[in-house]
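Trainee: I have a structure here, written as structure tokens, and I will follow up with some questions on it.
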Number of protein chains: 2
Amino acid sequence: MRRVTLRDVAKATGFSINTVSRALSHKPDVSEETRETIVEAATKMGYRPNKLARSLRSNKTYTIGVIVADIANPYFGALVKGVEKEARKRHYSVILLNTDEDYERETEAIQVVLEEHVDGIIISPTQKEKETIKNLLQLGIPFVLFGRRFSDLATNYVVTDDVHGGFLATEHLILLGHRQIAMINGPLHISSAKERFQGYREALERYGLKQDQPLVTAGAVTMEDGYEVAKSLLNQNPRPTAIFAFSDFVSFGVMKAIREAGLKVPEDISVVGYDDNQFASCSEIPLTTVRVPKEELGISAAKVLKEQLADNQPIKQVELPVDLIVRQSTSSCNT
Amino acid sequence: MRRVTLRDVAKATGFSINTVSRALSHKPDVSEETRETIVEAATKMGYRPNKLARSLRSNKTYTIGVIVADIANPYFGALVKGVEKEARKRHYSVILLNTDEDYERETEAIQVVLEEHVDGIIISPTQKEKETIKNLLQLGIPFVLFGRRFSDLATNYVVTDDVHGGFLATEHLILLGHRQIAMINGPLHISSAKERFQGYREALERYGLKQDQPLVTAGAVTMEDGYEVAKSLLNQNPRPTAIFAFSDFVSFGVMKAIREAGLKVPEDISVVGYDDNQFASCSEIPLTTVRVPKEELGISAAKVLKEQLADNQPIKQVELPVDLIVRQSTSSCNT
DNA sequence: TTGTATGCGTTATCAA
DNA sequence: TTGATAACGCATACAA
């Protein structure tokens with residue numbers, strides 16, 4: 001049961017391969033009559049163009065490489081979902097690579113998608129180094145960063161407004177009367193962590209609060225991280241009355257530590273998360289958090305990439321808005 | 001900056017394209033000396049074989065299609081992560097398609113991966129119909145189902161032991177003295193739901209408990225579903241003293257409903273989830289649940305597919321073990 | 001051991 | 001409007 005090719009259709013209709021090709025790809029210079037005959041025969045015979053041959057010839061694969069840190073993390077899952085949705089809509093396929101936040105694997109992943117002849121790349125870089133992205137820039141292959149960006153690299157990107165997110169979260173706590181506001185941040189090489197911290201500082205400054213250094217830590221990613229950091233934070237004096245965490249994940253760890261210390265959220269300590277993941281609203285104390293439009297981020301990245309596939313496009317940098325979702329993990333400071 | 005091809009290397013070394021090809025793909029019948037010369041030149045020139053041309057010629061793409069219901073769901077995310085990891089290890093790439101649990105999109109997704117000339121397919125079918133999978137069977141393309149299976153279709157699959165999982169969860173509750181054990185199940189067209197229910201029934205039977213019908217509902221997928229069903233369940237008389245939910249997701253909704261009804265987990269009602277997702281251990285009341293080896297499921301599926309890529313393989317059906325993780329959402333029945 | 005020639009299924013150029 | 005022919009880059013049967 002071989003696949004039917006242009007040659008088969010040509011043979012069946014008596015036209016040349018060339019004419020069949022032109023007729024089927026809706027090119028001009030084919031008489032209406034001929035086209036109908038050919039299209040009908042092709043349909044009946046179940047002709048499907050061979051993408052491989054087509055790609056070899058045209059140097060276009062209608063495939064994009066998507067590289068993320070951890071597809072099991074629902075944050076990246078949502079990003080990828082958005083990309084896939086938008087890509088599919090435009091008849092592009094997605095080749096997915098996972099880096100596990102490992103820079104070497106990122107380098108390899110890029111090699112791989114390049115060898116797959118993808119038309120473009122959408123990547124959330126580890127940011128542990130930037131050579132691999134610089135290299136992409138040099139190669140001239142269309143790509144867009146998503147979720148993270150390099151402040152000193154002129155690349156396409158789609159991110160969310162992390163500075164503002166950090167600001168909103170912190171301001172919310174300040175307006176509730178908190179003064180000892182700790183931040184448990186993510187790894188600082190990641191732009192979103194850096195920028196949320198900037199937002200945090202801006203809020204403190206705006207409201208005339210200067211921050212004791214020890215209230216800020218960085219490097220937390222998992223719930224366990226949040227748990228550990230919060231535990232030591234709770235032993236400090238003065239104890240923070242509010243904690244702003246890098247992610248909802250981290251927040252859950254924080255809340256666990258608070259619980260185990262015999263304290264209550266939000267009565268004793270307010271907690272603000274980041275992302276608004278699926279569980280944020282359903283934990284025993286629904287989490288106040290910064291909502292980031294994850295799927296939209298992916299969709300937008302796919303759209304930008306599609307634009308960039310055309311020649312001579314100016315760099316496109318998109319910053320999606322975020323909003324603060326106030327739930328029950330925060331309340332007025334009562335000390 | 002064109003890519004360097006075999007022809008380029010041939011020209012540079014003075015050998016024919018053929019010899020270069022043979023030398024580079026480690027075929028016999030090339031003198032050691034020639035090989036060295038060629039390999040060296042190729043390396044220096046940065047030769048990378050063109051996968052497209054190679055695939056066109058060989059009819060092998062080293063690409064597999066992975067089709068899941070919802071990549072933003074960390075369950076599927078973990079499956080895909082496992083597949084990608086194992087595939088990469090064997091130098092296969094993954095083309096990811098999302099169906100949103102929609103049967104039509106599943107059909108389309110299969111069309112797409114077929115046109116991408118994938119060497120094989122790994123799919124978690126929606127199971128709303130089975131024609132699309134039957135069709136795959138007929139086509140003879142290697143594929144393996146994962147996470148879900150058809151009891152009446154002779155396909156490769158990798159699943160977890162859902163019957164036993166349902167049994168373990170229910171038995172655990174029975175041994176704690178519960179008699180009114182409700183099950184909030186998932187959609188019954190999904191094999192895992194059907195099988196967990198079977199395990200539930202087997203446990204009840206084994207311990208001589210016959211079940212009142214209204215204690216079992218089906219169709220729950222989200223936290224909201226769990227919340228709604230649990231709310232109405234709590235109004236029943238007699239009220240169940242324990243609830244076994246289709247997933248941890250559903251469980252979180254259940255716990256919320258219980259909380260809002262002014263009842264306590266586990267004192268008033270015990271809850272058992274399924275999956276052991278990342279949040280199960282970190283909710284205020286850590287969830288007793290059935291752990292399923294998600295990433296391993298993906299890895300195993302990729303391994304099975306790889307085997308099936310060889311000719312004349314017998315069908316392979318794998319059932320991975322699960323275990324019960326007892327945490328704090330279950331306790332002795334005290335009514 | 002090495003080279004020549006052909007084909008994989010398309011698309012594109014150029015004549016007819 | 002249509003057809004012959006070449007080319008994309010690689011692999012292979014066969015000849016040398």
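Here, A, B, ... name the chains of the structure tokens in the order displayed, residue numbers run from 1 inside each chain, and ligands are numbered from 1 in the same displayed order.
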Taking only C-alpha atoms into account, report as a PyMOL selection string which residues of chain B lie within 8 Å of chain A.
Mentor: chain B and resi 48+50-53+55-56+70-81+84-85+93-98+115-117+223+252-253+256+279+282-284
Trainee: Take the residues from that selection and put them in a file with N, CA and C atoms, as a JSON list (two decimals), in the first residue's frame.
Mentor:
```
[["chain", "number", "residue", "atom", "x", "y", "z"],
["B", 48, "ARG", "N", 27.02, 18.58, 8.46],
["B", 48, "ARG", "CA", 25.93, 17.96, 9.21],
["B", 48, "ARG", "C", 24.98, 17.37, 8.20],
["B", 50, "ASN", "N", 21.87, 16.28, 6.16],
["B", 50, "ASN", "CA", 20.56, 16.88, 6.02],
["B", 50, "ASN", "C", 19.49, 15.82, 6.30],
["B", 51, "LYS", "N", 18.83, 15.99, 7.46],
["B", 51, "LYS", "CA", 17.85, 14.98, 7.88],
["B", 51, "LYS", "C", 16.72, 14.81, 6.88],
["B", 52, "LEU", "N", 16.36, 15.90, 6.25],
["B", 52, "LEU", "CA", 15.24, 15.86, 5.31],
["B", 52, "LEU", "C", 15.58, 14.93, 4.14],
["B", 53, "ALA", "N", 16.75, 15.18, 3.57],
["B", 53, "ALA", "CA", 17.16, 14.37, 2.43],
["B", 53, "ALA", "C", 17.30, 12.92, 2.85],
["B", 55, "SER", "N", 15.84, 11.40, 5.29],
["B", 55, "SER", "CA", 14.53, 10.80, 5.55],
["B", 55, "SER", "C", 13.79, 10.49, 4.26],
["B", 56, "LEU", "N", 13.88, 11.41, 3.33],
["B", 56, "LEU", "CA", 13.20, 11.21, 2.05],
["B", 56, "LEU", "C", 13.70, 9.92, 1.41],
["B", 70, "ASP", "N", -4.18, 17.06, 27.27],
["B", 70, "ASP", "CA", -3.98, 18.41, 27.77],
["B", 70, "ASP", "C", -2.60, 18.58, 28.38],
["B", 71, "ILE", "N", -1.73, 19.18, 27.62],
["B", 71, "ILE", "CA", -0.34, 19.30, 28.04],
["B", 71, "ILE", "C", -0.19, 20.26, 29.22],
["B", 72, "ALA", "N", -1.20, 21.06, 29.51],
["B", 72, "ALA", "CA", -1.11, 21.96, 30.65],
["B", 72, "ALA", "C", -1.44, 21.23, 31.95],
["B", 73, "ASN", "N", -1.98, 20.05, 31.82],
["B", 73, "ASN", "CA", -2.26, 19.22, 32.98],
["B", 73, "ASN", "C", -0.96, 18.51, 33.36],
["B", 74, "PRO", "N", -0.50, 18.73, 34.59],
["B", 74, "PRO", "CA", 0.81, 18.18, 34.97],
["B", 74, "PRO", "C", 0.90, 16.66, 34.84],
["B", 75, "TYR", "N", -0.24, 16.00, 34.87],
["B", 75, "TYR", "CA", -0.22, 14.55, 34.66],
["B", 75, "TYR", "C", 0.32, 14.25, 33.26],
["B", 76, "PHE", "N", -0.28, 14.85, 32.27],
["B", 76, "PHE", "CA", 0.19, 14.61, 30.91],
["B", 76, "PHE", "C", 1.58, 15.22, 30.69],
["B", 77, "GLY", "N", 1.81, 16.32, 31.37],
["B", 77, "GLY", "CA", 3.12, 16.93, 31.28],
["B", 77, "GLY", "C", 4.20, 15.95, 31.68],
["B", 78, "ALA", "N", 3.95, 15.24, 32.78],
["B", 78, "ALA", "CA", 4.93, 14.27, 33.26],
["B", 78, "ALA", "C", 5.08, 13.12, 32.28],
["B", 79, "LEU", "N", 3.96, 12.67, 31.72],
["B", 79, "LEU", "CA", 4.04, 11.60, 30.72],
["B", 79, "LEU", "C", 4.93, 12.03, 29.56],
["B", 80, "VAL", "N", 4.64, 13.21, 29.06],
["B", 80, "VAL", "CA", 5.37, 13.71, 27.90],
["B", 80, "VAL", "C", 6.84, 13.90, 28.23],
["B", 81, "LYS", "N", 7.08, 14.37, 29.44],
["B", 81, "LYS", "CA", 8.47, 14.55, 29.86],
["B", 81, "LYS", "C", 9.23, 13.23, 29.78],
["B", 84, "GLU", "N", 9.78, 12.28, 26.11],
["B", 84, "GLU", "CA", 10.79, 13.12, 25.46],
["B", 84, "GLU", "C", 12.20, 12.70, 25.90],
["B", 85, "LYS", "N", 12.32, 12.45, 27.18],
["B", 85, "LYS", "CA", 13.61, 12.07, 27.74],
["B", 85, "LYS", "C", 14.15, 10.81, 27.08],
["B", 93, "SER", "N", 13.11, 12.62, 17.86],
["B", 93, "SER", "CA", 12.47, 13.87, 18.23],
["B", 93, "SER", "C", 10.98, 13.65, 18.44],
["B", 94, "VAL", "N", 10.40, 14.53, 19.23],
["B", 94, "VAL", "CA", 8.99, 14.41, 19.58],
["B", 94, "VAL", "C", 8.19, 15.54, 18.95],
["B", 95, "ILE", "N", 7.17, 15.16, 18.20],
["B", 95, "ILE", "CA", 6.21, 16.16, 17.71],
["B", 95, "ILE", "C", 5.00, 16.08, 18.61],
["B", 96, "LEU", "N", 4.68, 17.18, 19.26],
["B", 96, "LEU", "CA", 3.62, 17.16, 20.27],
["B", 96, "LEU", "C", 2.31, 17.72, 19.73],
["B", 97, "LEU", "N", 1.24, 17.00, 19.97],
["B", 97, "LEU", "CA", -0.10, 17.47, 19.59],
["B", 97, "LEU", "C", -1.03, 17.38, 20.80],
["B", 98, "ASN", "N", -1.89, 18.35, 20.92],
["B", 98, "ASN", "CA", -2.81, 18.44, 22.04],
["B", 98, "ASN", "C", -4.24, 18.25, 21.51],
["B", 115, "GLU", "N", 1.22, 12.72, 8.29],
["B", 115, "GLU", "CA", 1.79, 13.53, 7.21],
["B", 115, "GLU", "C", 3.20, 14.01, 7.55],
["B", 116, "GLU", "N", 3.49, 14.03, 8.83],
["B", 116, "GLU", "CA", 4.85, 14.39, 9.23],
["B", 116, "GLU", "C", 5.78, 13.19, 9.08],
["B", 117, "HIS", "N", 5.22, 12.09, 8.64],
["B", 117, "HIS", "CA", 6.02, 10.88, 8.43],
["B", 117, "HIS", "C", 6.73, 10.42, 9.69],
["B", 223, "MET", "N", -11.36, 20.27, 39.52],
["B", 223, "MET", "CA", -11.61, 20.57, 40.92],
["B", 223, "MET", "C", -13.05, 21.02, 41.10],
["B", 252, "PHE", "N", -9.13, 17.92, 45.62],
["B", 252, "PHE", "CA", -9.00, 19.27, 46.17],
["B", 252, "PHE", "C", -10.36, 19.96, 46.18],
["B", 253, "GLY", "N", -11.13, 19.73, 45.14],
["B", 253, "GLY", "CA", -12.48, 20.29, 45.11],
["B", 253, "GLY", "C", -13.34, 19.68, 46.22],
["B", 256, "LYS", "N", -12.50, 21.14, 49.54],
["B", 256, "LYS", "CA", -13.04, 22.49, 49.66],
["B", 256, "LYS", "C", -14.51, 22.44, 50.06],
["B", 279, "PHE", "N", 1.10, 18.67, 44.39],
["B", 279, "PHE", "CA", 0.52, 19.43, 45.48],
["B", 279, "PHE", "C", -0.08, 18.55, 46.55],
["B", 282, "CYS", "N", 1.47, 18.78, 49.83],
["B", 282, "CYS", "CA", 1.69, 20.11, 50.38],
["B", 282, "CYS", "C", 0.42, 20.86, 50.74],
["B", 283, "SER", "N", -0.71, 20.24, 50.49],
["B", 283, "SER", "CA", -1.94, 20.91, 50.89],
["B", 283, "SER", "C", -2.00, 20.89, 52.42],
["B", 284, "GLU", "N", -2.84, 21.71, 52.96],
["B", 284, "GLU", "CA", -2.89, 21.83, 54.43],
["B", 284, "GLU", "C", -3.07, 20.47, 55.08]]
```
Trainee: Mind checking DSSP for stretch 4-74 of chain B and telling me the helix (DSSP H, G or I) residues as a PyMOL selection string?
Mentor: chain B and resi 6-13+17-24+32-45+51-58+74
Trainee: I need the contact residues of chain C against chain B, so if you could list those with any atom within 12 Å, counting only C-alpha atoms (C1' of nucleotides), and return them as number ranges by chain, that would help.
Mentor: C: 1-5, 7-10
Trainee: Which residue out of B:Leu145, B:Arg22, B:Asn235, B:Leu6 has the minimum interatomic distance to B:Ala42 when only C-alpha atoms are used?
Mentor: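 For B:Ala42, the nearest of the given residues is B:Leu6.
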Trainee: Can you list, as number ranges by chain, every residue of stretch 62-232 of chain A that DSSP puts in strand (DSSP E or B)?
Mentor: A: 63-68, 93-98, 120-123, 143-146, 156-160, 181-184, 216-217
Trainee: Return as a ChimeraX atom specification the residues belonging to chain D that are within 12 Å of chain A, counting only C-alpha atoms (C1' of nucleotides).
Mentor: /D:1-5,7-10
Trainee: Keeping N, CA and C atoms (P, O5', C5', C4', C3', O3' and C1' of nucleotides), export the residues of the selection given above as a CSV table (one decimal), in the first residue's frame.
Mentor:
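Now in again.csv:
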```csv
chain,number,residue,atom,x,y,z
D,1,DT,P,-4.1,30.1,-19.2
D,1,DT,O5',-3.8,28.5,-19.4
D,1,DT,C5',-4.6,27.7,-20.1
D,1,DT,C4',-3.8,26.6,-20.7
D,1,DT,C3',-3.4,25.5,-19.7
D,1,DT,O3',-3.9,24.3,-20.2
D,1,DT,C1',-1.5,26.3,-21.0
D,2,DT,P,-3.7,23.0,-19.4
D,2,DT,O5',-2.2,22.6,-19.8
D,2,DT,C5',-2.0,21.8,-21.0
D,2,DT,C4',-0.5,21.6,-21.2
D,2,DT,C3',0.1,20.6,-20.2
D,2,DT,O3',0.2,19.4,-20.9
D,2,DT,C1',1.6,22.4,-20.7
D,3,DG,P,0.8,18.1,-20.1
D,3,DG,O5',2.3,18.2,-20.5
D,3,DG,C5',2.7,18.3,-21.9
D,3,DG,C4',4.2,18.3,-22.0
D,3,DG,C3',4.9,17.2,-21.2
D,3,DG,O3',6.0,16.7,-22.0
D,3,DG,C1',5.7,19.4,-20.6
D,4,DA,P,6.6,15.4,-21.6
D,4,DA,O5',8.2,15.8,-21.6
D,4,DA,C5',8.7,16.4,-22.7
D,4,DA,C4',10.0,17.1,-22.4
D,4,DA,C3',11.0,16.1,-21.7
D,4,DA,O3',12.3,16.3,-22.2
D,4,DA,C1',10.7,18.0,-20.3
D,5,DT,P,13.6,15.5,-21.7
D,5,DT,O5',14.1,16.4,-20.5
D,5,DT,C5',14.4,17.8,-20.7
D,5,DT,C4',15.0,18.4,-19.5
D,5,DT,C3',15.9,17.4,-18.7
D,5,DT,O3',17.1,18.1,-18.4
D,5,DT,C1',14.3,18.5,-17.3
D,7,DA,P,21.1,20.8,-12.6
D,7,DA,O5',20.5,21.0,-11.2
D,7,DA,C5',19.8,22.1,-10.8
D,7,DA,C4',19.0,21.9,-9.6
D,7,DA,C3',19.9,21.2,-8.5
D,7,DA,O3',20.0,22.0,-7.4
D,7,DA,C1',17.7,20.2,-8.7
D,8,DC,P,21.2,21.7,-6.3
D,8,DC,O5',20.3,21.5,-4.9
D,8,DC,C5',19.3,22.4,-4.5
D,8,DC,C4',18.4,21.6,-3.5
D,8,DC,C3',19.3,20.6,-2.7
D,8,DC,O3',19.7,21.3,-1.5
D,8,DC,C1',17.1,19.7,-3.4
D,9,DG,P,21.2,21.3,-1.1
D,9,DG,O5',21.4,19.8,-0.5
D,9,DG,C5',20.8,19.5,0.7
D,9,DG,C4',20.9,18.0,0.9
D,9,DG,C3',22.3,17.5,1.0
D,9,DG,O3',22.5,16.8,2.2
D,9,DG,C1',20.9,16.1,-0.4
D,10,DC,P,23.7,15.9,2.5
D,10,DC,O5',23.1,14.5,2.3
D,10,DC,C5',22.1,14.0,3.1
D,10,DC,C4',21.5,12.7,2.5
D,10,DC,C3',22.5,11.6,2.6
D,10,DC,O3',21.9,10.7,3.6
D,10,DC,C1',21.4,11.7,0.5
```
Trainee: So which residues touch B:Val272 within 6 Å, counting only C-alpha atoms (C1' of nucleotides), skipping near sequence neighbours fewer than 6 positions away, as a PyMOL selection string?
Mentor: chain B and resi 244+288-289
Trainee: How would the residues just chosen look if you wrote them out with C-alpha atoms as a compact mmCIF listing (two decimals), in the first residue's frame?
Mentor:
```
# COMPACT_ATOMS: atom_id res chain seq x y z
CA PHE B 244 -12.46 8.21 46.92
CA THR B 288 -3.69 10.18 50.95
CA THR B 289 -3.50 9.12 47.35
```
Trainee: Env of B:Val265: 8 Å cut, atoms = only C-alpha atoms (C1' of nucleotides), seq-sep filter 3 positions within chain, self excluded. Answer as a list in words.
Mentor: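 After dropping sequence-adjacent residues, the list is Met255, Ile258, Arg259, Asp268, Ile269, Ser270, Val271, Ile285, Ser329 and Thr330 of chain B.
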